[in-house]
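S.K.: Sharing protein-v3.txt below, compact mmCIF, C-alpha atoms:
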# COMPACT_ATOMS: atom_id res chain seq x y z
CA MET A 1 -162.47 57.23 39.30
CA THR A 2 -159.76 56.99 41.95
CA THR A 3 -156.22 56.39 40.77
CA LEU A 4 -154.10 54.33 43.12
CA PRO A 5 -150.69 55.78 43.92
CA LYS A 6 -147.80 54.07 42.22
CA LEU A 7 -145.00 52.57 44.20
CA PRO A 8 -141.80 54.53 43.74
CA ASN A 9 -139.35 53.12 41.22
CA LEU A 10 -136.42 51.70 43.16
CA PRO A 11 -132.93 52.38 41.82
CA LYS A 12 -131.11 49.60 40.03
CA PRO A 13 -129.22 47.64 42.70
CA HIS A 14 -125.43 47.60 42.88
CA PRO A 15 -124.63 43.90 43.25
CA ALA A 16 -120.96 44.11 44.29
CA PRO A 17 -121.53 45.33 47.89
CA VAL A 18 -124.32 42.78 48.35
CA ILE A 19 -122.14 39.91 47.13
CA ASP A 20 -119.14 41.07 49.17
CA GLU A 21 -121.18 41.18 52.38
CA THR A 22 -122.94 37.88 51.64
CA THR A 23 -119.64 36.09 51.03
CA ARG A 24 -118.22 37.57 54.25
CA LEU A 25 -121.18 36.20 56.18
CA LEU A 26 -120.75 32.79 54.56
CA THR A 27 -117.08 32.67 55.51
CA GLU A 28 -117.68 33.74 59.10
CA HIS A 29 -120.89 31.88 59.93
CA TYR A 30 -121.82 29.01 57.59
CA VAL A 31 -121.78 25.71 59.46
CA PHE A 32 -120.06 23.97 56.52
CA PRO A 33 -116.79 25.91 55.98
CA GLU A 34 -115.71 23.92 52.91
CA THR A 35 -119.01 24.62 51.17
CA ALA A 36 -118.73 28.27 52.20
CA GLY A 37 -115.46 28.48 50.29
CA GLN A 38 -117.02 26.94 47.19
CA LEU A 39 -119.96 29.33 47.36
CA THR A 40 -117.75 32.36 47.87
CA ASP A 41 -115.82 31.49 44.71
CA LEU A 42 -119.05 30.85 42.80
CA LEU A 43 -120.71 34.14 43.78
CA GLN A 44 -117.62 36.20 43.00
CA ARG A 45 -117.23 34.46 39.63
CA ARG A 46 -120.88 35.05 38.76
CA LEU A 47 -120.53 38.70 39.81
CA THR A 48 -117.56 39.13 37.47
CA GLN A 49 -119.52 37.49 34.65
CA GLY A 50 -122.31 40.05 35.06
CA ALA A 51 -124.92 37.49 36.17
CA TYR A 52 -126.16 39.85 38.88
CA ASP A 53 -126.50 42.96 36.70
CA VAL A 54 -130.28 43.12 37.03
CA ASP A 55 -132.89 45.86 37.29
CA SER A 56 -134.45 44.95 40.65
CA THR A 57 -133.49 43.73 44.10
CA GLU A 58 -136.16 41.05 43.78
CA GLU A 59 -134.47 39.56 40.71
CA LEU A 60 -131.05 39.87 42.37
CA ALA A 61 -132.38 37.93 45.36
CA ARG A 62 -133.75 35.21 43.10
CA ARG A 63 -130.51 34.74 41.19
CA VAL A 64 -128.23 34.80 44.23
CA THR A 65 -130.49 32.36 46.10
CA ALA A 66 -130.40 29.95 43.16
CA ASP A 67 -126.60 30.06 43.22
CA LEU A 68 -126.40 29.73 47.02
CA GLN A 69 -128.50 26.57 46.89
CA SER A 70 -126.78 25.09 43.83
CA VAL A 71 -123.88 23.40 45.65
CA ASN A 72 -125.52 21.42 48.45
CA GLY A 73 -129.24 22.27 48.14
CA ASP A 74 -129.40 23.98 51.56
CA ARG A 75 -132.86 25.59 51.55
CA HIS A 76 -132.08 27.77 54.55
CA LEU A 77 -129.29 29.47 52.57
CA ARG A 78 -131.02 32.41 50.91
CA LEU A 79 -130.96 36.03 49.88
CA LYS A 80 -134.47 37.12 50.82
CA HIS A 81 -136.18 40.09 49.21
CA HIS A 82 -138.35 42.39 51.34
CA ALA A 83 -140.75 44.80 49.67
CA HIS A 84 -140.38 47.30 52.50
CA PRO A 85 -137.02 48.48 53.85
CA VAL A 86 -135.70 46.33 56.67
CA PRO A 87 -133.77 47.48 59.76
CA PRO A 88 -130.01 46.95 59.72
CA GLN A 89 -129.90 45.01 63.00
CA GLU A 90 -129.20 41.27 62.79
CA GLY A 91 -132.46 39.33 62.47
CA ALA A 92 -134.63 42.48 62.58
CA ALA A 93 -136.40 41.79 59.29
CA THR A 94 -137.42 38.29 60.34
CA LEU A 95 -138.45 39.44 63.82
CA ASP A 96 -140.80 42.16 62.50
CA ALA A 97 -142.59 39.77 60.15
CA MET A 98 -142.73 37.09 62.84
CA ARG A 99 -144.42 39.42 65.31
CA ARG A 100 -147.13 40.31 62.79
CA ASP A 101 -147.81 36.61 62.21
CA PHE A 102 -147.91 35.95 65.95
CA ASP A 103 -150.48 38.67 66.56
CA THR A 104 -152.80 37.36 63.83
CA SER A 105 -152.62 33.61 64.60
CA LEU A 106 -153.60 33.38 68.29
CA GLY A 107 -149.94 33.00 69.12
CA GLY A 108 -149.34 30.16 66.70
CA ALA A 109 -152.17 27.88 67.82
CA PRO A 110 -155.06 29.06 65.63
CA ARG A 111 -157.20 25.94 65.94
CA VAL A 112 -158.17 23.54 68.73
CA GLU A 113 -161.11 21.28 67.90
CA LEU A 114 -162.67 18.09 69.23
CA LEU A 115 -163.68 15.64 66.51
CA ASP A 116 -165.98 12.63 66.75
CA GLY A 117 -164.75 9.85 68.98
CA GLY A 118 -162.86 12.09 71.37
CA VAL A 119 -160.07 12.89 68.89
CA ALA A 120 -158.65 16.39 69.30
CA VAL A 121 -156.92 18.52 66.64
CA VAL A 122 -154.36 21.19 67.53
CA GLU A 123 -153.10 23.20 64.58
CA LEU A 124 -149.73 24.88 65.05
CA ALA A 125 -149.29 27.57 62.39
CA PRO A 126 -147.88 29.56 60.70
CA MET A 127 -144.78 28.83 62.77
CA LEU A 128 -143.43 27.88 66.18
CA PHE A 129 -142.80 31.29 67.71
CA PRO A 130 -140.16 32.15 70.33
CA LEU A 131 -141.17 30.82 73.73
CA GLU A 132 -141.09 34.24 75.38
CA TRP A 133 -144.11 34.99 73.19
CA ALA A 134 -145.67 31.59 72.62
CA ALA A 135 -145.40 29.60 75.86
CA GLU A 136 -148.83 30.68 77.12
CA PRO A 137 -150.84 30.08 73.91
CA LEU A 138 -149.07 26.77 73.26
CA SER A 139 -149.66 25.63 76.83
CA ALA A 140 -153.31 26.68 76.66
CA ALA A 141 -153.93 24.79 73.40
CA LEU A 142 -152.14 21.61 74.47
CA THR A 143 -153.68 21.63 77.95
CA LEU A 144 -157.14 22.01 76.42
CA ALA A 145 -156.49 18.94 74.26
CA SER A 146 -154.87 16.92 77.05
CA SER A 147 -158.02 15.01 78.03
CA ALA A 148 -158.76 13.84 74.46
CA ARG A 149 -158.57 10.13 73.71
CA ALA A 150 -156.26 10.76 70.74
CA LEU A 151 -154.54 13.84 69.36
CA ILE A 152 -153.75 15.13 65.87
CA VAL A 153 -151.09 17.86 65.63
CA ASP A 154 -151.50 19.70 62.33
CA LEU A 155 -148.21 21.06 60.94
CA ARG A 156 -149.27 21.26 57.29
CA SER A 157 -148.99 25.06 57.18
CA ASN A 158 -146.09 25.47 59.59
CA ARG A 159 -142.94 26.94 58.08
CA GLY A 160 -140.59 26.52 61.06
CA GLY A 161 -139.49 28.63 64.00
CA ASP A 162 -137.84 28.20 67.37
CA PRO A 163 -136.17 24.89 68.40
CA GLU A 164 -137.01 25.68 72.03
CA ALA A 165 -140.68 25.71 71.08
CA VAL A 166 -140.20 22.24 69.57
CA ALA A 167 -138.92 20.92 72.90
CA PHE A 168 -141.76 22.70 74.71
CA VAL A 169 -144.45 21.07 72.54
CA CYS A 170 -142.78 17.64 72.79
CA SER A 171 -142.85 17.96 76.57
CA TYR A 172 -146.66 17.81 76.49
CA LEU A 173 -146.59 14.67 74.34
CA LEU A 174 -144.12 12.58 76.37
CA ASP A 175 -144.20 11.21 79.91
CA GLU A 176 -140.61 11.84 80.95
CA ARG A 177 -137.58 13.95 80.13
CA THR A 178 -136.26 12.78 76.75
CA HIS A 179 -133.27 13.63 74.56
CA LEU A 180 -134.72 15.06 71.34
CA ASN A 181 -131.89 16.49 69.26
CA THR A 182 -128.26 17.63 69.33
CA MET A 183 -127.22 20.84 67.58
CA HIS A 184 -123.67 21.29 66.32
CA TRP A 185 -122.94 25.00 65.88
CA HIS A 186 -120.45 26.74 63.60
CA GLY A 187 -117.01 26.69 65.19
CA GLY A 188 -118.16 24.64 68.19
CA ARG A 189 -116.38 21.44 69.24
CA HIS A 190 -119.26 20.04 71.28
CA GLY A 191 -122.92 19.57 70.46
CA GLU A 192 -125.71 21.29 72.35
CA GLN A 193 -128.40 18.81 73.39
CA SER A 194 -132.12 19.54 73.35
CA TRP A 195 -134.35 17.72 75.87
CA SER A 196 -138.04 17.77 76.66
CA LEU A 197 -138.92 19.48 79.94
CA PRO A 198 -139.30 17.59 83.23
CA HIS A 199 -142.33 19.74 84.12
CA VAL A 200 -144.79 21.78 82.05
CA PRO A 201 -147.30 24.50 82.82
CA GLY A 202 -150.77 23.06 82.41
CA THR A 203 -151.49 19.39 81.75
CA ARG A 204 -149.69 16.89 79.51
CA PHE A 205 -151.45 14.83 76.86
CA GLY A 206 -148.82 12.28 77.78
CA GLY A 207 -146.80 9.61 76.06
CA SER A 208 -149.22 6.71 75.69
CA LYS A 209 -152.40 7.85 73.93
CA PRO A 210 -152.55 7.78 70.09
CA LEU A 211 -150.76 10.71 68.46
CA TYR A 212 -150.70 11.72 64.80
CA VAL A 213 -148.79 14.52 63.08
CA LEU A 214 -149.96 15.98 59.77
CA SER A 215 -147.35 17.08 57.22
CA SER A 216 -147.23 18.70 53.79
CA ASP A 217 -144.66 19.90 51.28
CA ARG A 218 -144.87 23.29 53.04
CA THR A 219 -143.88 21.93 56.47
CA PHE A 220 -140.37 23.26 57.07
CA SER A 221 -137.46 23.66 59.46
CA ALA A 222 -138.45 23.55 63.17
CA ALA A 223 -141.85 22.10 62.25
CA GLU A 224 -139.99 19.30 60.51
CA GLU A 225 -137.94 18.77 63.64
CA LEU A 226 -141.11 18.40 65.71
CA ALA A 227 -142.46 15.75 63.32
CA TYR A 228 -139.07 14.03 63.00
CA ASP A 229 -138.32 13.94 66.73
CA LEU A 230 -141.70 12.38 67.55
CA GLN A 231 -141.45 9.94 64.65
CA GLN A 232 -137.94 8.76 65.54
CA LEU A 233 -138.99 8.22 69.16
CA GLY A 234 -141.86 6.05 67.93
CA ARG A 235 -144.26 8.44 69.63
CA ALA A 236 -146.23 9.72 66.63
CA VAL A 237 -147.49 8.51 63.27
CA VAL A 238 -146.77 11.09 60.54
CA VAL A 239 -149.59 11.34 58.00
CA GLY A 240 -149.44 13.37 54.78
CA GLU A 241 -146.71 14.43 52.38
CA PRO A 242 -142.89 14.51 52.60
CA THR A 243 -141.77 17.81 54.10
CA ARG A 244 -139.49 20.41 52.50
CA GLY A 245 -136.17 19.21 53.93
CA GLY A 246 -134.51 22.04 55.88
CA ALA A 247 -132.66 20.93 59.01
CA HIS A 248 -130.11 23.73 59.51
CA PRO A 249 -131.01 26.58 61.90
CA CYS A 250 -130.10 29.94 60.44
CA GLN A 251 -129.62 33.60 61.25
CA GLY A 252 -130.42 36.62 59.10
CA TRP A 253 -128.39 39.73 58.30
CA THR A 254 -129.48 42.81 56.34
CA VAL A 255 -127.11 43.28 53.37
CA HIS A 256 -129.16 45.94 51.54
CA PRO A 257 -132.24 47.96 52.60
CA HIS A 258 -134.43 45.37 50.82
CA LEU A 259 -132.29 42.23 51.10
CA GLU A 260 -131.59 39.82 53.95
CA ALA A 261 -129.00 37.04 53.79
CA THR A 262 -129.94 33.97 55.84
CA VAL A 263 -127.02 31.68 56.70
CA PRO A 264 -127.28 28.32 58.52
CA VAL A 265 -125.14 28.35 61.66
CA GLY A 266 -125.87 24.86 63.00
CA ARG A 267 -126.45 21.22 62.05
CA ALA A 268 -129.02 18.97 63.74
CA VAL A 269 -128.28 15.33 64.68
CA ASN A 270 -131.09 13.14 65.95
CA PRO A 271 -130.03 10.77 68.78
CA VAL A 272 -132.04 7.87 67.34
CA SER A 273 -131.28 8.09 63.62
CA GLY A 274 -127.84 9.72 63.92
CA THR A 275 -128.78 12.06 61.09
CA ASN A 276 -131.54 14.55 60.17
CA TRP A 277 -134.07 15.43 57.47
CA GLU A 278 -131.89 17.85 55.47
CA GLY A 279 -132.57 17.52 51.76
CA THR A 280 -134.85 14.50 52.13
CA GLY A 281 -137.66 15.90 54.26
CA VAL A 282 -139.54 13.96 56.90
CA GLN A 283 -141.03 10.93 55.21
CA PRO A 284 -144.61 10.20 56.31
CA ASP A 285 -145.47 6.85 57.85
CA ILE A 286 -148.85 7.05 56.09
CA PRO A 287 -148.43 8.86 52.75
CA CYS A 288 -151.41 10.76 51.36
CA THR A 289 -152.16 14.18 49.95
CA ALA A 290 -152.03 17.05 52.41
CA PRO A 291 -155.73 17.97 51.99
CA ALA A 292 -156.73 14.38 52.82
CA ALA A 293 -154.37 14.01 55.80
CA LEU A 294 -156.72 15.20 58.54
CA ASP A 295 -159.57 12.88 57.55
CA HIS A 296 -157.15 10.00 57.13
CA ALA A 297 -155.55 10.55 60.55
CA HIS A 298 -159.00 10.84 62.16
CA GLU A 299 -160.01 7.51 60.62
CA LEU A 300 -156.80 5.88 61.86
CA ALA A 301 -157.31 7.23 65.38
CA PHE A 302 -160.96 6.24 65.44
CA ALA A 303 -160.14 2.69 64.29
CA ARG A 304 -157.37 2.35 66.87
CA LEU A 305 -159.60 3.57 69.69
CA ASP A 306 -162.30 1.10 68.68
CA HIS A 307 -159.98 -1.86 69.36
Could you express the structure from this file as structure tokens?
M.R.:
Amino acid sequence: MTTLPKLPNLPKPHPAPVIDETTRLLTEHYVFPETAGQLTDLLQRRLTQGAYDVDSTEELARRVTADLQSVNGDRHLRLKHHAHPVPPQEGAATLDAMRRDFDTSLGGAPRVELLDGGVAVVELAPMLFPLEWAAEPLSAALTLASSARALIVDLRSNRGGDPEAVAFVCSYLLDERTHLNTMHWHGGRHGEQSWSLPHVPGTRFGGSKPLYVLSSDRTFSAAEELAYDLQQLGRAVVVGEPTRGGAHPCQGWTVHPHLEATVPVGRAVNPVSGTNWEGTGVQPDIPCTAPAALDHAHELAFARLDH
């Protein structure tokens, strides 16, 4: 009988350096300075009370994350645990994991299918990867679906990603250059606007044929922006469940060999609604369970094409 090797026992974490570095990052980078001050006081108070005297980095991450999200419910504000040591460079932990997902998901477009009635499905998962990686696979998938009579974009398993990829995908689903979003960054006086592209590689599906977006309670961050932008423009019908409700783009910093602090550095404002989906999620136009969303959207498309 073969005995599997045991993972080495990690030393008990020292919480003070982790909390000190996390509060420094909050003060310097969090897009809501007043909330950053409240959170800094809270974390230091909890540290003094011994709330973070735990036996594992995983439990420390859980407790600190709960406290970070306790003031304003910002789901991008986290202390993330990584089982394997992460590089010290800013964002390195996220980038390594992202690249593995990219290589195993056909570049983030794992499914293109033609259903009955000329209705195409393009699944974008597990995330919207940086355009320097994903432009070609996204263009290939959307160009392949461009001649369909109706299109379903499946975001039910998409956990977020790159805002530039959101604009890139929207560019295939609209006819002309369109203002999608404005991002207000930490410390910035002026917003940075996001627009769809005037030209795309490949062929557009366009802005007039029926378009449906599938959502679930796992749809998050940039995937929510894609659904929200298209919904607010009146371009797409969202079918499925309310999404998770994270509208603040974030950056990650390694604060311990197994811990990464993610801090939101911007705030999204939609030009149509004047707000975003933070805390509320994107609300579907046609509510149904996530497993039933594809069949339901197909039925809606088929009925619309029949008339």
S.K.: Taking into account only C-alpha atoms, which residue in the set A:Ile19, A:Val64, A:Leu124, A:Leu77 is nearest to A:Asn158?
M.R.: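 Ranking A:Ile19, A:Val64, A:Leu124, A:Leu77 by distance to A:Asn158, first place goes to A:Leu124.
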S.K.: Taking only C-alpha atoms into account, name the residue in A:His248, A:Gln69, A:Leu233, A:Pro15 that is nearest to A:Gly50.
M.R.: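 Smallest separation from A:Gly50 among the options: A:Pro15.
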S.K.: Give as a list in words the set of residues within 9 Å of the point (-142.7, 21.2, 54.3), where distances use the file's coordinates and only C-alpha atoms.
M.R.: Leu155, Arg156, Ser157, Asn158, Arg159, Gly160, Ser215, Ser216, Asp217, Arg218, Thr219, Phe220, Ser221, Ala223, Glu224, Glu241, Pro242, Thr243, Arg244, Gly245, Gly246, Gly281 and Val282 of chain A
S.K.: Based on the selection just made, write C-alpha atoms of those residues as a PDB file, in the coordinates of the input.
M.R.:
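Written output follows (out-v4.pdb):
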ATOM      1  CA  LEU A 155    -148.210  21.060  60.940  1.00  0.00           C
ATOM      2  CA  ARG A 156    -149.270  21.260  57.290  1.00  0.00           C
ATOM      3  CA  SER A 157    -148.990  25.060  57.180  1.00  0.00           C
ATOM      4  CA  ASN A 158    -146.090  25.470  59.590  1.00  0.00           C
ATOM      5  CA  ARG A 159    -142.940  26.940  58.080  1.00  0.00           C
ATOM      6  CA  GLY A 160    -140.590  26.520  61.060  1.00  0.00           C
ATOM      7  CA  SER A 215    -147.350  17.080  57.220  1.00  0.00           C
ATOM      8  CA  SER A 216    -147.230  18.700  53.790  1.00  0.00           C
ATOM      9  CA  ASP A 217    -144.660  19.900  51.280  1.00  0.00           C
ATOM     10  CA  ARG A 218    -144.870  23.290  53.040  1.00  0.00           C
ATOM     11  CA  THR A 219    -143.880  21.930  56.470  1.00  0.00           C
ATOM     12  CA  PHE A 220    -140.370  23.260  57.070  1.00  0.00           C
ATOM     13  CA  SER A 221    -137.460  23.660  59.460  1.00  0.00           C
ATOM     14  CA  ALA A 223    -141.850  22.100  62.250  1.00  0.00           C
ATOM     15  CA  GLU A 224    -139.990  19.300  60.510  1.00  0.00           C
ATOM     16  CA  GLU A 241    -146.710  14.430  52.380  1.00  0.00           C
ATOM     17  CA  PRO A 242    -142.890  14.510  52.600  1.00  0.00           C
ATOM     18  CA  THR A 243    -141.770  17.810  54.100  1.00  0.00           C
ATOM     19  CA  ARG A 244    -139.490  20.410  52.500  1.00  0.00           C
ATOM     20  CA  GLY A 245    -136.170  19.210  53.930  1.00  0.00           C
ATOM     21  CA  GLY A 246    -134.510  22.040  55.880  1.00  0.00           C
ATOM     22  CA  GLY A 281    -137.660  15.900  54.260  1.00  0.00           C
ATOM     23  CA  VAL A 282    -139.540  13.960  56.900  1.00  0.00           C
TER      24      VAL A 282
END
S.K.: With 6 Å on each side, where is the centre of the axis-aligned box around all listed atoms of stretch 71-82 of chain A, and how long are its edges in Å to one decimal, as AutoDock Vina command-line options?
M.R.:
--center_x -131.1 --center_y 31.9 --center_z 50.1 --size_x 26.5 --size_y 33.0 --size_z 20.9
S.K.: Excluding A:Asp67 and its own-chain neighbours fewer than 4 positions away, which residues fall within 8 Å of it when counting all atoms listed in the file? Please give them as a ChimeraX atom specification.
M.R.: /A:39,42-43,63,71
S.K.: What is the atom CA of A:Thr182 to atom CA of A:Val238 distance in Å?
M.R.: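 These two atoms are separated by 21.5 Å.
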S.K.: Could you give me, as a PyMOL selection string, the residues within 12 Å of A:Pro11, counting all atoms listed in the file and dropping anything in the same chain fewer than 3 positions from it?
M.R.: chain A and resi 8+14-15+54-58+257-258
S.K.: For the residues in that selection, give me C-alpha atoms as a CSV table (one decimal), keeping the file's coordinate frame.
M.R.:
chain,number,residue,atom,x,y,z
A,8,PRO,CA,-141.8,54.5,43.7
A,14,HIS,CA,-125.4,47.6,42.9
A,15,PRO,CA,-124.6,43.9,43.2
A,54,VAL,CA,-130.3,43.1,37.0
A,55,ASP,CA,-132.9,45.9,37.3
A,56,SER,CA,-134.4,45.0,40.6
A,57,THR,CA,-133.5,43.7,44.1
A,58,GLU,CA,-136.2,41.0,43.8
A,257,PRO,CA,-132.2,48.0,52.6
A,258,HIS,CA,-134.4,45.4,50.8
S.K.: Taking (-137.7, 28.2, 65.1) in the file's coordinates as the center, which residues reach within 6 Å of it, counting all atoms listed in the file, put as a PyMOL selection string?
M.R.: chain A and resi 128+160-163+222
S.K.: For each of A:Leu142, A:Leu294, A:Ala125, A:Val153, take the minimum atom-to-atom distance to A:Phe102, counting all atoms listed in the file, then give the residue where this is smallest.
M.R.: A:Ala125
S.K.: Go ahead and compute the interatomic distance for atom CA of A:Ala165 and atom CA of A:Trp277, in Å to one decimal.
M.R.: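 Between these atoms lies a distance of 18.3 Å.
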S.K.: Considering only C-alpha atoms, can you say which of A:His81, A:Arg45, A:Arg62, A:Lys12 comes closest to A:Thr254?
M.R.: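 For A:Thr254, the nearest of the given residues is A:His81.
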S.K.: Enter the distance from atom CA of A:Arg267 to atom CA of A:Gly206, in Å, rounded to one decimal.
M.R.: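 Between atom CA of A:Arg267 and atom CA of A:Gly206 the gap works out to 28.8 Å.
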